[in-house]
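Please read the structure below before turning to the comments.
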Amino acid sequence: MASVLGKVVSRGISTTRVASGQAAVSGHQDGWKLWRKLTFLVALPGVALCMLNVYLGLDDVEAHSAPPFVPYDYMRIRNKRFPWGDGQKSLFHNPHVNALPGGYEHTDEHH
Amino acid sequence: MSNFMNHPYHLVDKSPWPLLSAFSVMSLVTGLAKWFHTFNVSLVAFSLFATTLIMIQWWRDVVREGTYQGLHTIQVGVGLRWGMILFITSEVLFFMSFFWAFFHSSLAPAVELGSSWPPAGIKPFNPFQIPLLNTAILLASGVTVTWSHHALMQNNYTQGLQGLVATVFLGLYFTSLQALEYYEAPFSIADAVYGSTFFVATGFHGLHVIIGTAFLLVCLIRHMFNHFSSTHHFGFEAAAWYWHFVDVVWLFLFISIYWWGN
């Protein structure tokens, strides 16, 4: 029973491969043209639109500013130090928007 | 040793890589634990280097056996396909565990977090800024890899190359945008269970994007060396399958963590 199932599924896998080989010979010579059209007329314009959307959103000061520091006990957990540097900063630590357990680091510049 | 056999299977020559890779990955995870407990990075650094070298040599040997020695018959191909399918399935289950953790914490947020999701004090990303762009990039890369695949199947070398280059480029673009997001994030992995679930899930996804991009890059180089025929290019198909898997995982991440979890 299991071997029959195995044979059926295996044949399914190898036929898929052979079928795609036949596609190369039969008449679907230009399958790549369809996908290239989709790339340049749909996919990449979609990416460009999203890029524009991000660019226009860069001016939103509120969205890009640091949240106020509130010493919640479930934030800035340091049960064990990080295994690098002084062990207090996460791997992608950004002093502008990431407070340390005691609060934001004192920087000379205003954000 | 002759390549003649009266069966379609590949009885591989003796190789040091299976045993050595077992040692090096064991050493890698041991090194990770050692790094976290003693803050000494030497073992994990050495093991990462060794594992990389071993992977390169093992896969180099598979390419030699298949492309140069012709040992990959249709039957061998069936086995390779099963292998890749089962591997990707195991990866799906791997990610399911992180989605489980996310939904466990977010569906009924703990009272200590303010009974809200995101927890009080966490400022999440606007999903319709860079995360949406990343979605468009990965979806586009799925189209470009299909462009490349069809071109390969129709023996069009140049179009196959262009599609692959576009795909690798989009993969690199995604990775750089995510790295930027990670740096700009107003919360870290240590910020409540929100940070833990966010960075572990998206972090492992990002790692898989990097792996997938590397796999596609190897295919690109092999294509330039004319390793692929119109009917025989399983390495490319495996890379494309893996890439689509990476794309689907992102779609789930985007919808559940970035959008619903906002």
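Labels for the structure tokens follow display order: chains A, B, ..., residues from 1 in each chain, ligands from 1.
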
For chain A against chain B, which residues fall within 7 Å using only C-alpha atoms, given as a ChimeraX atom specification?
/A:10,13-14,21,24,29,31-32,35-36,39,43-44,46-47,50-51,53-54,66-67,70,74-77,83,90,92-94,97-98

Atom pair CA of Cys219 in chain B + CA of Ala238 in chain B, distance 9.9 Å

Shortest contact to Thr73 in chain B, candidates B:Val246, B:Val165, B:Met5, B:Met96, atoms counted only C-alpha atoms, goes to B:Met5

* To do: Would you list, as number ranges by chain, the residues of range 17-99 of chain A that end up in helix (DSSP H, G or I) under DSSP run on this structure's backbone?
  => A: 17-25, 31-57, 61-64

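Between CA of Ile210 in chain B and CA of Lys37 in chain A there is a distance of 26.9 Å.
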
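Interatomic distance, CA of Trp17 in chain B to CA of Gly235 in chain B: 19.3 Å.
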